[in-house]
>>> print(open('upload.csv').read())   # CSV, N, CA and C atoms and all ligand atoms
chain,number,residue,atom,x,y,z
A,1,MET,N,-4.8,-16.7,10.9
A,1,MET,CA,-5.0,-15.5,10.0
A,1,MET,C,-4.4,-15.9,8.7
A,2,ALA,N,-5.2,-15.7,7.6
A,2,ALA,CA,-4.7,-16.0,6.3
A,2,ALA,C,-4.5,-14.8,5.4
A,3,LEU,N,-3.3,-14.3,5.5
A,3,LEU,CA,-2.9,-13.1,4.7
A,3,LEU,C,-2.8,-13.5,3.3
A,4,MET,N,-3.3,-12.6,2.4
A,4,MET,CA,-3.2,-12.9,1.0
A,4,MET,C,-1.9,-12.4,0.4
A,5,ALA,N,-0.8,-13.2,0.7
A,5,ALA,CA,0.5,-12.8,0.4
A,5,ALA,C,1.0,-13.6,-0.8
A,6,LEU,N,1.7,-12.9,-1.7
A,6,LEU,CA,2.3,-13.5,-2.8
A,6,LEU,C,3.4,-14.4,-2.3
A,7,PRO,N,3.7,-15.6,-2.8
A,7,PRO,CA,4.7,-16.4,-2.4
A,7,PRO,C,6.1,-15.9,-2.8
A,8,ASN,N,7.1,-16.3,-2.1
A,8,ASN,CA,8.5,-15.9,-2.5
A,8,ASN,C,8.9,-16.8,-3.6
A,9,SER,N,8.6,-16.4,-4.8
A,9,SER,CA,8.8,-17.3,-5.9
A,9,SER,C,9.7,-16.6,-7.0
A,10,GLU,N,10.6,-17.4,-7.5
A,10,GLU,CA,11.4,-16.9,-8.6
A,10,GLU,C,10.6,-16.5,-9.8
A,11,LEU,N,9.4,-17.1,-9.9
A,11,LEU,CA,8.5,-16.7,-11.0
A,11,LEU,C,8.0,-15.3,-10.9
A,12,LEU,N,8.0,-14.8,-9.7
A,12,LEU,CA,7.5,-13.4,-9.5
A,12,LEU,C,8.6,-12.4,-9.2
A,13,ALA,N,9.8,-12.9,-9.3
A,13,ALA,CA,10.9,-12.0,-9.1
A,13,ALA,C,10.9,-10.8,-10.0
A,14,PRO,N,11.2,-9.6,-9.4
A,14,PRO,CA,11.2,-8.4,-10.3
A,14,PRO,C,12.3,-8.5,-11.3
A,15,THR,N,12.0,-7.9,-12.5
A,15,THR,CA,13.0,-7.8,-13.5
A,15,THR,C,13.7,-6.5,-13.3
A,16,VAL,N,15.0,-6.5,-13.1
A,16,VAL,CA,15.8,-5.3,-12.9
A,16,VAL,C,16.4,-4.8,-14.3
A,17,THR,N,16.0,-3.6,-14.6
A,17,THR,CA,16.6,-3.0,-15.8
A,17,THR,C,17.3,-1.7,-15.5
A,18,GLU,N,17.9,-1.1,-16.4
A,18,GLU,CA,18.6,0.2,-16.2
A,18,GLU,C,17.6,1.2,-15.6
A,19,ALA,N,16.4,1.2,-16.1
A,19,ALA,CA,15.4,2.1,-15.6
A,19,ALA,C,14.9,1.8,-14.2
A,20,THR,N,14.8,0.5,-13.8
A,20,THR,CA,14.2,0.1,-12.5
A,20,THR,C,15.3,-0.1,-11.4
A,21,LYS,N,16.5,-0.2,-11.8
A,21,LYS,CA,17.6,-0.5,-10.8
A,21,LYS,C,17.6,0.5,-9.6
A,22,PRO,N,17.4,1.8,-9.9
A,22,PRO,CA,17.4,2.7,-8.7
A,22,PRO,C,16.2,2.5,-7.8
A,23,PHE,N,15.1,2.1,-8.3
A,23,PHE,CA,13.9,1.8,-7.5
A,23,PHE,C,14.3,0.6,-6.5
A,24,TRP,N,14.9,-0.4,-7.1
A,24,TRP,CA,15.2,-1.6,-6.2
A,24,TRP,C,16.3,-1.3,-5.3
A,25,ASP,N,17.3,-0.4,-5.7
A,25,ASP,CA,18.3,0.0,-4.8
A,25,ASP,C,17.7,0.8,-3.6
A,26,TRP,N,16.7,1.6,-3.8
A,26,TRP,CA,16.1,2.3,-2.7
A,26,TRP,C,15.3,1.4,-1.8
A,27,THR,N,14.5,0.5,-2.4
A,27,THR,CA,13.7,-0.4,-1.6
A,27,THR,C,14.6,-1.3,-0.7
A,28,ALA,N,15.8,-1.6,-1.2
A,28,ALA,CA,16.8,-2.4,-0.5
A,28,ALA,C,17.2,-1.7,0.8
A,29,GLN,N,17.1,-0.3,0.8
A,29,GLN,CA,17.4,0.5,1.9
A,29,GLN,C,16.2,0.8,2.7
A,30,GLY,N,15.0,0.2,2.4
A,30,GLY,CA,13.8,0.4,3.1
A,30,GLY,C,13.1,1.7,2.8
A,31,GLU,N,13.3,2.2,1.6
A,31,GLU,CA,12.7,3.5,1.2
A,31,GLU,C,11.9,3.2,-0.1
A,32,LEU,N,10.7,3.8,-0.2
A,32,LEU,CA,9.9,3.7,-1.4
A,32,LEU,C,10.1,5.1,-2.1
A,33,ARG,N,10.8,5.1,-3.2
A,33,ARG,CA,10.9,6.3,-4.0
A,33,ARG,C,10.4,6.1,-5.4
A,34,VAL,N,9.9,7.2,-6.0
A,34,VAL,CA,9.4,7.1,-7.4
A,34,VAL,C,10.2,8.1,-8.2
A,35,GLN,N,10.2,7.8,-9.5
A,35,GLN,CA,10.8,8.8,-10.5
A,35,GLN,C,9.9,10.1,-10.5
A,36,ARG,N,10.7,11.2,-10.7
A,36,ARG,CA,10.0,12.4,-10.9
A,36,ARG,C,10.7,13.1,-12.1
A,37,CYS,N,10.0,13.5,-13.1
A,37,CYS,CA,10.6,14.1,-14.3
A,37,CYS,C,11.3,15.4,-13.9
A,38,SER,N,12.5,15.6,-14.3
A,38,SER,CA,13.2,16.8,-14.0
A,38,SER,C,12.8,18.0,-14.8
A,39,ASP,N,12.0,17.7,-15.9
A,39,ASP,CA,11.5,18.8,-16.7
A,39,ASP,C,10.1,19.2,-16.4
A,40,CYS,N,9.1,18.3,-16.5
A,40,CYS,CA,7.7,18.7,-16.3
A,40,CYS,C,7.3,18.4,-14.8
A,41,ARG,N,8.2,17.8,-14.0
A,41,ARG,CA,8.0,17.5,-12.6
A,41,ARG,C,6.9,16.5,-12.3
A,42,ARG,N,6.4,15.8,-13.3
A,42,ARG,CA,5.4,14.7,-13.1
A,42,ARG,C,6.0,13.5,-12.5
A,43,PHE,N,5.3,12.9,-11.5
A,43,PHE,CA,5.8,11.6,-10.9
A,43,PHE,C,5.4,10.5,-11.9
A,44,ARG,N,6.2,9.4,-11.9
A,44,ARG,CA,5.8,8.3,-12.7
A,44,ARG,C,6.2,7.0,-12.1
A,45,PHE,N,5.3,6.0,-12.2
A,45,PHE,CA,5.5,4.7,-11.7
A,45,PHE,C,4.6,3.8,-12.6
A,46,PRO,N,5.2,2.6,-13.0
A,46,PRO,CA,6.5,2.1,-12.7
A,46,PRO,C,7.6,2.9,-13.4
A,47,PRO,N,8.9,2.7,-13.0
A,47,PRO,CA,10.0,3.4,-13.6
A,47,PRO,C,10.1,3.1,-15.1
A,48,ILE,N,10.3,4.1,-15.9
A,48,ILE,CA,10.5,4.0,-17.3
A,48,ILE,C,11.6,5.0,-17.7
A,49,PRO,N,12.3,4.7,-18.9
A,49,PRO,CA,13.4,5.6,-19.2
A,49,PRO,C,13.0,7.0,-19.6
A,50,ALA,N,11.8,7.2,-20.2
A,50,ALA,CA,11.4,8.6,-20.6
A,50,ALA,C,10.1,8.9,-20.1
A,51,CYS,N,9.9,10.2,-19.9
A,51,CYS,CA,8.6,10.7,-19.4
A,51,CYS,C,7.5,10.6,-20.4
A,52,ARG,N,6.4,10.1,-20.0
A,52,ARG,CA,5.2,9.9,-20.9
A,52,ARG,C,4.6,11.2,-21.3
A,53,ARG,N,4.8,12.3,-20.5
A,53,ARG,CA,4.2,13.6,-20.8
A,53,ARG,C,5.1,14.4,-21.8
A,54,CYS,N,6.4,14.5,-21.4
A,54,CYS,CA,7.2,15.4,-22.2
A,54,CYS,C,8.4,14.8,-22.9
A,55,GLY,N,8.6,13.5,-22.6
A,55,GLY,CA,9.6,12.8,-23.3
A,55,GLY,C,11.0,12.9,-22.7
A,56,SER,N,11.1,13.7,-21.6
A,56,SER,CA,12.4,13.9,-21.0
A,56,SER,C,13.1,12.6,-20.5
A,57,LEU,N,14.4,12.5,-20.7
A,57,LEU,CA,15.1,11.4,-20.2
A,57,LEU,C,15.7,11.6,-18.8
A,58,GLU,N,15.5,12.8,-18.3
A,58,GLU,CA,16.0,13.2,-17.0
A,58,GLU,C,15.0,13.0,-15.9
A,59,ALA,N,15.4,12.4,-14.7
A,59,ALA,CA,14.5,12.2,-13.6
A,59,ALA,C,15.3,12.2,-12.3
A,60,THR,N,14.6,12.5,-11.2
A,60,THR,CA,15.2,12.3,-9.9
A,60,THR,C,14.3,11.2,-9.2
A,61,TRP,N,14.8,10.7,-8.1
A,61,TRP,CA,14.1,9.7,-7.3
A,61,TRP,C,13.7,10.4,-6.0
A,62,GLU,N,12.4,10.5,-5.8
A,62,GLU,CA,11.9,11.2,-4.6
A,62,GLU,C,11.1,10.3,-3.7
A,63,PRO,N,11.2,10.4,-2.4
A,63,PRO,CA,10.4,9.6,-1.5
A,63,PRO,C,8.9,9.9,-1.6
A,64,VAL,N,8.1,8.9,-1.5
A,64,VAL,CA,6.6,9.1,-1.5
A,64,VAL,C,6.3,9.8,-0.2
A,65,GLU,N,5.2,10.6,-0.2
A,65,GLU,CA,4.8,11.4,0.9
A,65,GLU,C,3.4,11.0,1.4
A,66,GLY,N,3.2,11.1,2.7
A,66,GLY,CA,1.8,10.9,3.2
A,66,GLY,C,1.5,9.5,3.5
A,67,THR,N,0.2,9.3,4.0
A,67,THR,CA,-0.3,8.0,4.3
A,67,THR,C,-0.7,7.3,3.0
A,68,PRO,N,-0.2,6.1,2.8
A,68,PRO,CA,-0.8,5.4,1.6
A,68,PRO,C,-2.2,5.0,1.8
A,69,ARG,N,-3.0,5.2,0.7
A,69,ARG,CA,-4.4,4.9,0.8
A,69,ARG,C,-4.8,3.9,-0.4
A,70,LEU,N,-5.7,3.0,-0.1
A,70,LEU,CA,-6.1,2.0,-1.1
A,70,LEU,C,-6.9,2.7,-2.2
A,71,TYR,N,-6.4,2.6,-3.4
A,71,TYR,CA,-7.0,3.3,-4.6
A,71,TYR,C,-7.8,2.3,-5.4
A,72,SER,N,-7.2,1.1,-5.7
A,72,SER,CA,-7.9,0.1,-6.4
A,72,SER,C,-7.2,-1.3,-6.1
A,73,TRP,N,-7.9,-2.4,-6.3
A,73,TRP,CA,-7.4,-3.7,-6.0
A,73,TRP,C,-8.1,-4.7,-6.8
A,74,VAL,N,-7.4,-5.9,-6.9
A,74,VAL,CA,-8.0,-7.1,-7.5
A,74,VAL,C,-7.5,-8.3,-6.7
A,75,VAL,N,-8.4,-9.2,-6.5
A,75,VAL,CA,-8.1,-10.5,-5.9
A,75,VAL,C,-7.9,-11.5,-7.0
A,76,VAL,N,-6.8,-12.1,-7.1
A,76,VAL,CA,-6.5,-13.1,-8.1
A,76,VAL,C,-6.9,-14.5,-7.5
A,77,HIS,N,-7.8,-15.2,-8.2
A,77,HIS,CA,-8.3,-16.5,-7.8
A,77,HIS,C,-7.8,-17.6,-8.7
A,78,ARG,N,-7.3,-17.3,-9.8
A,78,ARG,CA,-6.8,-18.3,-10.8
A,78,ARG,C,-5.3,-18.1,-11.0
A,79,SER,N,-4.5,-19.2,-10.7
A,79,SER,CA,-3.1,-19.0,-10.8
A,79,SER,C,-2.6,-19.4,-12.2
A,80,VAL,N,-1.5,-18.8,-12.6
A,80,VAL,CA,-0.9,-19.1,-13.8
A,80,VAL,C,0.1,-20.2,-13.7
A,81,SER,N,0.4,-20.6,-12.4
A,81,SER,CA,1.4,-21.7,-12.2
A,81,SER,C,1.0,-22.4,-10.9
A,82,PRO,N,1.3,-23.7,-10.8
A,82,PRO,CA,1.1,-24.4,-9.5
A,82,PRO,C,2.0,-23.9,-8.4
A,83,ASP,N,3.1,-23.2,-8.8
A,83,ASP,CA,4.0,-22.6,-7.8
A,83,ASP,C,3.5,-21.3,-7.3
A,84,ILE,N,2.4,-20.8,-7.8
A,84,ILE,CA,1.9,-19.5,-7.3
A,84,ILE,C,0.5,-19.7,-6.7
A,85,PRO,N,0.5,-19.9,-5.4
A,85,PRO,CA,-0.8,-20.2,-4.7
A,85,PRO,C,-1.8,-19.0,-4.8
A,86,VAL,N,-3.0,-19.2,-4.8
A,86,VAL,CA,-4.0,-18.2,-4.8
A,86,VAL,C,-4.9,-18.5,-3.6
A,87,PRO,N,-5.7,-17.5,-3.1
A,87,PRO,CA,-5.8,-16.2,-3.7
A,87,PRO,C,-4.7,-15.2,-3.2
A,88,PHE,N,-4.5,-14.2,-3.9
A,88,PHE,CA,-3.6,-13.1,-3.5
A,88,PHE,C,-4.2,-11.8,-4.0
A,89,CYS,N,-3.8,-10.7,-3.4
A,89,CYS,CA,-4.4,-9.4,-3.8
A,89,CYS,C,-3.3,-8.4,-4.3
A,90,VAL,N,-3.6,-7.8,-5.4
A,90,VAL,CA,-2.7,-6.8,-6.0
A,90,VAL,C,-3.4,-5.5,-5.9
A,91,ALA,N,-2.8,-4.5,-5.5
A,91,ALA,CA,-3.4,-3.2,-5.3
A,91,ALA,C,-2.7,-2.0,-5.9
A,92,VAL,N,-3.4,-1.0,-6.2
A,92,VAL,CA,-2.8,0.3,-6.6
A,92,VAL,C,-3.1,1.2,-5.4
A,93,VAL,N,-2.0,1.8,-4.9
A,93,VAL,CA,-2.0,2.6,-3.7
A,93,VAL,C,-1.7,4.1,-4.0
A,94,GLU,N,-2.4,5.0,-3.4
A,94,GLU,CA,-2.3,6.4,-3.7
A,94,GLU,C,-1.5,7.1,-2.5
A,95,PHE,N,-0.5,7.9,-2.9
A,95,PHE,CA,0.2,8.7,-1.9
A,95,PHE,C,-0.2,10.2,-2.3
A,96,GLU,N,0.4,11.1,-1.5
A,96,GLU,CA,0.2,12.5,-1.8
A,96,GLU,C,0.7,12.8,-3.2
A,97,ASP,N,0.4,13.9,-3.7
A,97,ASP,CA,0.8,14.4,-5.0
A,97,ASP,C,0.4,13.5,-6.2
A,98,ASP,N,-0.7,12.8,-6.0
A,98,ASP,CA,-1.2,12.0,-7.1
A,98,ASP,C,-0.3,10.9,-7.5
A,99,VAL,N,0.5,10.4,-6.6
A,99,VAL,CA,1.5,9.3,-6.8
A,99,VAL,C,0.8,8.0,-6.6
A,100,HIS,N,0.8,7.1,-7.6
A,100,HIS,CA,0.2,5.8,-7.5
A,100,HIS,C,1.2,4.7,-7.7
A,101,VAL,N,1.2,3.7,-6.8
A,101,VAL,CA,2.2,2.7,-6.8
A,101,VAL,C,1.5,1.3,-6.6
A,102,GLY,N,2.0,0.3,-7.3
A,102,GLY,CA,1.4,-1.0,-7.2
A,102,GLY,C,2.1,-1.9,-6.2
A,103,GLY,N,1.4,-2.8,-5.7
A,103,GLY,CA,2.0,-3.8,-4.7
A,103,GLY,C,1.0,-4.8,-4.2
A,104,ASN,N,1.5,-5.7,-3.5
A,104,ASN,CA,0.7,-6.8,-2.9
A,104,ASN,C,0.0,-6.2,-1.6
A,105,LEU,N,-1.3,-6.4,-1.6
A,105,LEU,CA,-2.1,-6.0,-0.4
A,105,LEU,C,-2.2,-7.2,0.5
A,106,LEU,N,-1.8,-7.0,1.8
A,106,LEU,CA,-1.8,-8.0,2.8
A,106,LEU,C,-2.9,-7.8,3.8
A,107,TYR,N,-3.9,-8.7,3.9
A,107,TYR,CA,-4.9,-8.6,4.9
A,107,TYR,C,-5.6,-9.9,5.0
A,108,ASP,N,-6.3,-10.0,6.1
A,108,ASP,CA,-7.1,-11.3,6.4
A,108,ASP,C,-8.5,-11.1,5.8
A,109,PRO,N,-8.9,-11.8,4.8
A,109,PRO,CA,-10.2,-11.6,4.2
A,109,PRO,C,-11.3,-12.0,5.1
A,110,GLU,N,-11.0,-12.8,6.1
A,110,GLU,CA,-12.1,-13.2,7.1
A,110,GLU,C,-12.4,-12.0,8.1
A,111,GLU,N,-11.4,-11.1,8.2
A,111,GLU,CA,-11.6,-10.0,9.1
A,111,GLU,C,-11.8,-8.7,8.5
A,112,ILE,N,-11.4,-8.4,7.3
A,112,ILE,CA,-11.4,-7.1,6.7
A,112,ILE,C,-12.0,-7.2,5.3
A,113,THR,N,-12.8,-6.2,5.0
A,113,THR,CA,-13.3,-6.0,3.6
A,113,THR,C,-12.6,-4.7,3.1
A,114,PRO,N,-11.8,-4.8,2.0
A,114,PRO,CA,-11.1,-3.6,1.5
A,114,PRO,C,-12.2,-2.6,1.0
A,115,ARG,N,-11.9,-1.3,1.2
A,115,ARG,CA,-12.7,-0.2,0.7
A,115,ARG,C,-11.7,0.8,0.2
A,116,ALA,N,-12.1,1.4,-0.9
A,116,ALA,CA,-11.3,2.5,-1.5
A,116,ALA,C,-11.1,3.6,-0.5
A,117,GLY,N,-9.9,4.1,-0.4
A,117,GLY,CA,-9.5,5.2,0.5
A,117,GLY,C,-9.0,4.7,1.9
A,118,MET,N,-9.1,3.4,2.2
A,118,MET,CA,-8.6,3.0,3.5
A,118,MET,C,-7.1,3.2,3.6
A,119,PRO,N,-6.7,3.7,4.8
A,119,PRO,CA,-5.3,3.9,5.1
A,119,PRO,C,-4.6,2.5,5.2
A,120,LEU,N,-3.3,2.6,4.7
A,120,LEU,CA,-2.5,1.3,4.7
A,120,LEU,C,-1.2,1.6,5.3
A,121,GLN,N,-0.5,0.5,5.6
A,121,GLN,CA,0.9,0.7,6.1
A,121,GLN,C,1.8,0.1,5.1
A,122,LEU,N,2.8,0.8,4.8
A,122,LEU,CA,3.9,0.4,3.9
A,122,LEU,C,4.9,-0.5,4.6
A,123,GLY,N,5.2,-1.6,3.9
A,123,GLY,CA,6.3,-2.5,4.4
A,123,GLY,C,7.0,-3.0,3.2
A,124,PHE,N,8.0,-3.9,3.5
A,124,PHE,CA,8.8,-4.5,2.4
A,124,PHE,C,8.9,-6.0,2.8
A,125,ARG,N,8.9,-6.8,1.8
A,125,ARG,CA,9.2,-8.2,2.1
A,125,ARG,C,10.2,-8.7,1.0
A,126,ASP,N,10.9,-9.7,1.4
A,126,ASP,CA,11.9,-10.3,0.4
A,126,ASP,C,11.2,-11.1,-0.6
A,127,MET,N,11.5,-10.9,-1.8
A,127,MET,CA,11.0,-11.8,-2.9
A,127,MET,C,12.2,-12.0,-3.9
A,128,ALA,N,12.7,-13.2,-3.8
A,128,ALA,CA,13.8,-13.6,-4.7
A,128,ALA,C,15.0,-12.6,-4.6
A,129,GLY,N,15.3,-12.1,-3.4
A,129,GLY,CA,16.4,-11.3,-3.2
A,129,GLY,C,16.1,-9.8,-3.4
A,130,HIS,N,14.9,-9.4,-3.6
A,130,HIS,CA,14.5,-8.0,-3.8
A,130,HIS,C,13.6,-7.6,-2.6
A,131,ALA,N,13.7,-6.4,-2.2
A,131,ALA,CA,12.8,-5.8,-1.2
A,131,ALA,C,11.6,-5.3,-1.9
A,132,VAL,N,10.5,-6.0,-1.9
A,132,VAL,CA,9.3,-5.7,-2.7
A,132,VAL,C,8.3,-4.9,-1.8
A,133,PRO,N,7.8,-3.8,-2.2
A,133,PRO,CA,6.8,-3.1,-1.4
A,133,PRO,C,5.5,-3.9,-1.2
A,134,VAL,N,5.1,-3.9,0.0
A,134,VAL,CA,3.8,-4.5,0.3
A,134,VAL,C,3.0,-3.5,1.2
A,135,PHE,N,1.7,-3.7,1.2
A,135,PHE,CA,0.8,-2.8,1.9
A,135,PHE,C,-0.1,-3.6,2.8
A,136,HIS,N,-0.1,-3.2,4.1
A,136,HIS,CA,-0.8,-3.9,5.1
A,136,HIS,C,-2.1,-3.2,5.3
A,137,LEU,N,-3.2,-3.9,5.3
A,137,LEU,CA,-4.5,-3.4,5.5
A,137,LEU,C,-5.0,-3.9,6.9
A,138,ASP,N,-5.0,-3.0,7.9
A,138,ASP,CA,-5.4,-3.4,9.2
A,138,ASP,C,-6.7,-2.7,9.5
A,139,ASP,N,-7.4,-3.2,10.5
A,139,ASP,CA,-8.7,-2.5,10.8
A,139,ASP,C,-8.5,-1.4,11.8
B,201,ZN,ZN,8.2,15.2,-18.1
>>> encode(input="upload.csv", output="structure tokens")
Amino acid sequence: MALMALPNSELLAPTVTEATKPFWDWTAQGELRVQRCSDCRRFRFPPIPACRRCGSLEATWEPVEGTPRLYSWVVVHRSVSPDIPVPFCVAVVEFEDDVHVGGNLLYDPEEITPRAGMPLQLGFRDMAGHAVPVFHLDD
């Protein structure tokens, strides 16, 4: 089985900033949480210091709800570095409340053809010391 998994490479290690640190602290505990604006209540991903809609600097971190579903994806066939083997698949996944999160989509391309709306399973894998969200596409 040839899963299209990103390698555990320092080149792909997440950059932790003041805005993203809570996200990584939650994933380290096995939870996927996203920012929610304390003023207009809009969810936002990736984490950013200010709300795109209302400019508020206040936010809470709330767990994603519901079954993740495949929203969009791209298979990368050309690597930017010999240390990053291809192919791999990057996806945008949709949760309830119109929450969209990006991550690596893991599946066997010889067994499964991705389709929009397919249910996924959330998992985490270590990448350079961070628990990175990944999504498993099973048949
Ligand atoms: Zn807002």
>>> residues_near_ligand(input="upload.csv", ligand="ligand ZN 201 (chain B)", cutoff="5 Å", atoms="all atoms listed in the file", output="list in words")
Cys37, Asp39, Cys40, Arg41, Cys51, Arg53, Cys54, Gly55 and Ser56 of chain A
>>> closest_residue(input="upload.csv", among="A:Thr60, A:Asn8, A:Ser81, A:Thr17", to="Arg33 (chain A)", atoms="only C-alpha atoms")
A:Thr60
>>> select_by_dssp(input="upload.csv", residues="chain A", states="strand (DSSP E)", output="compact mmCIF listing (two decimals) with N, CA and C atoms, keeping the file's coordinate frame")
# COMPACT_ATOMS: atom_id res chain seq x y z
N ARG A 33 10.80 5.10 -3.20
CA ARG A 33 10.90 6.30 -4.00
C ARG A 33 10.40 6.10 -5.40
N VAL A 34 9.90 7.20 -6.00
CA VAL A 34 9.40 7.10 -7.40
C VAL A 34 10.20 8.10 -8.20
N GLN A 35 10.20 7.80 -9.50
CA GLN A 35 10.80 8.80 -10.50
C GLN A 35 9.90 10.10 -10.50
N ARG A 36 10.70 11.20 -10.70
CA ARG A 36 10.00 12.40 -10.90
C ARG A 36 10.70 13.10 -12.10
N CYS A 37 10.00 13.50 -13.10
CA CYS A 37 10.60 14.10 -14.30
C CYS A 37 11.30 15.40 -13.90
N PHE A 43 5.30 12.90 -11.50
CA PHE A 43 5.80 11.60 -10.90
C PHE A 43 5.40 10.50 -11.90
N ARG A 44 6.20 9.40 -11.90
CA ARG A 44 5.80 8.30 -12.70
C ARG A 44 6.20 7.00 -12.10
N ALA A 59 15.40 12.40 -14.70
CA ALA A 59 14.50 12.20 -13.60
C ALA A 59 15.30 12.20 -12.30
N THR A 60 14.60 12.50 -11.20
CA THR A 60 15.20 12.30 -9.90
C THR A 60 14.30 11.20 -9.20
N TRP A 61 14.80 10.70 -8.10
CA TRP A 61 14.10 9.70 -7.30
C TRP A 61 13.70 10.40 -6.00
N GLU A 62 12.40 10.50 -5.80
CA GLU A 62 11.90 11.20 -4.60
C GLU A 62 11.10 10.30 -3.70
N PRO A 63 11.20 10.40 -2.40
CA PRO A 63 10.40 9.60 -1.50
C PRO A 63 8.90 9.90 -1.60
N ARG A 69 -3.00 5.20 0.70
CA ARG A 69 -4.40 4.90 0.80
C ARG A 69 -4.80 3.90 -0.40
N LEU A 70 -5.70 3.00 -0.10
CA LEU A 70 -6.10 2.00 -1.10
C LEU A 70 -6.90 2.70 -2.20
N TYR A 71 -6.40 2.60 -3.40
CA TYR A 71 -7.00 3.30 -4.60
C TYR A 71 -7.80 2.30 -5.40
N SER A 72 -7.20 1.10 -5.70
CA SER A 72 -7.90 0.10 -6.40
C SER A 72 -7.20 -1.30 -6.10
N TRP A 73 -7.90 -2.40 -6.30
CA TRP A 73 -7.40 -3.70 -6.00
C TRP A 73 -8.10 -4.70 -6.80
N VAL A 74 -7.40 -5.90 -6.90
CA VAL A 74 -8.00 -7.10 -7.50
C VAL A 74 -7.50 -8.30 -6.70
N VAL A 75 -8.40 -9.20 -6.50
CA VAL A 75 -8.10 -10.50 -5.90
C VAL A 75 -7.90 -11.50 -7.00
N VAL A 76 -6.80 -12.10 -7.10
CA VAL A 76 -6.50 -13.10 -8.10
C VAL A 76 -6.90 -14.50 -7.50
N PHE A 88 -4.50 -14.20 -3.90
CA PHE A 88 -3.60 -13.10 -3.50
C PHE A 88 -4.20 -11.80 -4.00
N CYS A 89 -3.80 -10.70 -3.40
CA CYS A 89 -4.40 -9.40 -3.80
C CYS A 89 -3.30 -8.40 -4.30
N VAL A 90 -3.60 -7.80 -5.40
CA VAL A 90 -2.70 -6.80 -6.00
C VAL A 90 -3.40 -5.50 -5.90
N ALA A 91 -2.80 -4.50 -5.50
CA ALA A 91 -3.40 -3.20 -5.30
C ALA A 91 -2.70 -2.00 -5.90
N VAL A 92 -3.40 -1.00 -6.20
CA VAL A 92 -2.80 0.30 -6.60
C VAL A 92 -3.10 1.20 -5.40
N VAL A 93 -2.00 1.80 -4.90
CA VAL A 93 -2.00 2.60 -3.70
C VAL A 93 -1.70 4.10 -4.00
N GLU A 94 -2.40 5.00 -3.40
CA GLU A 94 -2.30 6.40 -3.70
C GLU A 94 -1.50 7.10 -2.50
N PHE A 95 -0.50 7.90 -2.90
CA PHE A 95 0.20 8.70 -1.90
C PHE A 95 -0.20 10.20 -2.30
N VAL A 99 0.50 10.40 -6.60
CA VAL A 99 1.50 9.30 -6.80
C VAL A 99 0.80 8.00 -6.60
N HIS A 100 0.80 7.10 -7.60
CA HIS A 100 0.20 5.80 -7.50
C HIS A 100 1.20 4.70 -7.70
N VAL A 101 1.20 3.70 -6.80
CA VAL A 101 2.20 2.70 -6.80
C VAL A 101 1.50 1.30 -6.60
N GLY A 102 2.00 0.30 -7.30
CA GLY A 102 1.40 -1.00 -7.20
C GLY A 102 2.10 -1.90 -6.20
N GLY A 103 1.40 -2.80 -5.70
CA GLY A 103 2.00 -3.80 -4.70
C GLY A 103 1.00 -4.80 -4.20
N ASN A 104 1.50 -5.70 -3.50
CA ASN A 104 0.70 -6.80 -2.90
C ASN A 104 0.00 -6.20 -1.60
N LEU A 105 -1.30 -6.40 -1.60
CA LEU A 105 -2.10 -6.00 -0.40
C LEU A 105 -2.20 -7.20 0.50
N LEU A 106 -1.80 -7.00 1.80
CA LEU A 106 -1.80 -8.00 2.80
C LEU A 106 -2.90 -7.80 3.80
N GLN A 121 -0.50 0.50 5.60
CA GLN A 121 0.90 0.70 6.10
C GLN A 121 1.80 0.10 5.10
N LEU A 122 2.80 0.80 4.80
CA LEU A 122 3.90 0.40 3.90
C LEU A 122 4.90 -0.50 4.60
N GLY A 123 5.20 -1.60 3.90
CA GLY A 123 6.30 -2.50 4.40
C GLY A 123 7.00 -3.00 3.20
N PHE A 124 8.00 -3.90 3.50
CA PHE A 124 8.80 -4.50 2.40
C PHE A 124 8.90 -6.00 2.80
N ARG A 125 8.90 -6.80 1.80
CA ARG A 125 9.20 -8.20 2.10
C ARG A 125 10.20 -8.70 1.00
N ASP A 126 10.90 -9.70 1.40
CA ASP A 126 11.90 -10.30 0.40
C ASP A 126 11.20 -11.10 -0.60
N MET A 127 11.50 -10.90 -1.80
CA MET A 127 11.00 -11.80 -2.90
C MET A 127 12.20 -12.00 -3.90
N HIS A 130 14.90 -9.40 -3.60
CA HIS A 130 14.50 -8.00 -3.80
C HIS A 130 13.60 -7.60 -2.60
N ALA A 131 13.70 -6.40 -2.20
CA ALA A 131 12.80 -5.80 -1.20
C ALA A 131 11.60 -5.30 -1.90
N VAL A 132 10.50 -6.00 -1.90
CA VAL A 132 9.30 -5.70 -2.70
C VAL A 132 8.30 -4.90 -1.80
N PRO A 133 7.80 -3.80 -2.20
CA PRO A 133 6.80 -3.10 -1.40
C PRO A 133 5.50 -3.90 -1.20
N VAL A 134 5.10 -3.90 0.00
CA VAL A 134 3.80 -4.50 0.30
C VAL A 134 3.00 -3.50 1.20
N PHE A 135 1.70 -3.70 1.20
CA PHE A 135 0.80 -2.80 1.90
C PHE A 135 -0.10 -3.60 2.80
N HIS A 136 -0.10 -3.20 4.10
CA HIS A 136 -0.80 -3.90 5.10
C HIS A 136 -2.10 -3.20 5.30
>>> atom_distance(input="upload.csv", atom1="atom C of Ala59 (chain A)", atom2="CA of Val34 (chain A)")
9.2 Å
>>> closest_residue(input="upload.csv", among="A:Glu10, A:Glu111, A:Glu58, A:Glu65", to="Met127 (chain A)", atoms="only N, CA and C atoms")
A:Glu10
>>> residues_around(input="upload.csv", residues="Leu32 (chain A)", least_positions_apart="3", cutoff="7 Å", atoms="only N, CA and C atoms", output="compact mmCIF listing (two decimals) with N, CA and C atoms, keeping the file's coordinate frame")
# COMPACT_ATOMS: atom_id res chain seq x y z
N TRP A 26 16.70 1.60 -3.80
CA TRP A 26 16.10 2.30 -2.70
C TRP A 26 15.30 1.40 -1.80
N THR A 27 14.50 0.50 -2.40
CA THR A 27 13.70 -0.40 -1.60
C THR A 27 14.60 -1.30 -0.70
N GLN A 29 17.10 -0.30 0.80
CA GLN A 29 17.40 0.50 1.90
C GLN A 29 16.20 0.80 2.70
N GLU A 62 12.40 10.50 -5.80
CA GLU A 62 11.90 11.20 -4.60
C GLU A 62 11.10 10.30 -3.70
N PRO A 63 11.20 10.40 -2.40
CA PRO A 63 10.40 9.60 -1.50
C PRO A 63 8.90 9.90 -1.60
N VAL A 64 8.10 8.90 -1.50
CA VAL A 64 6.60 9.10 -1.50
C VAL A 64 6.30 9.80 -0.20
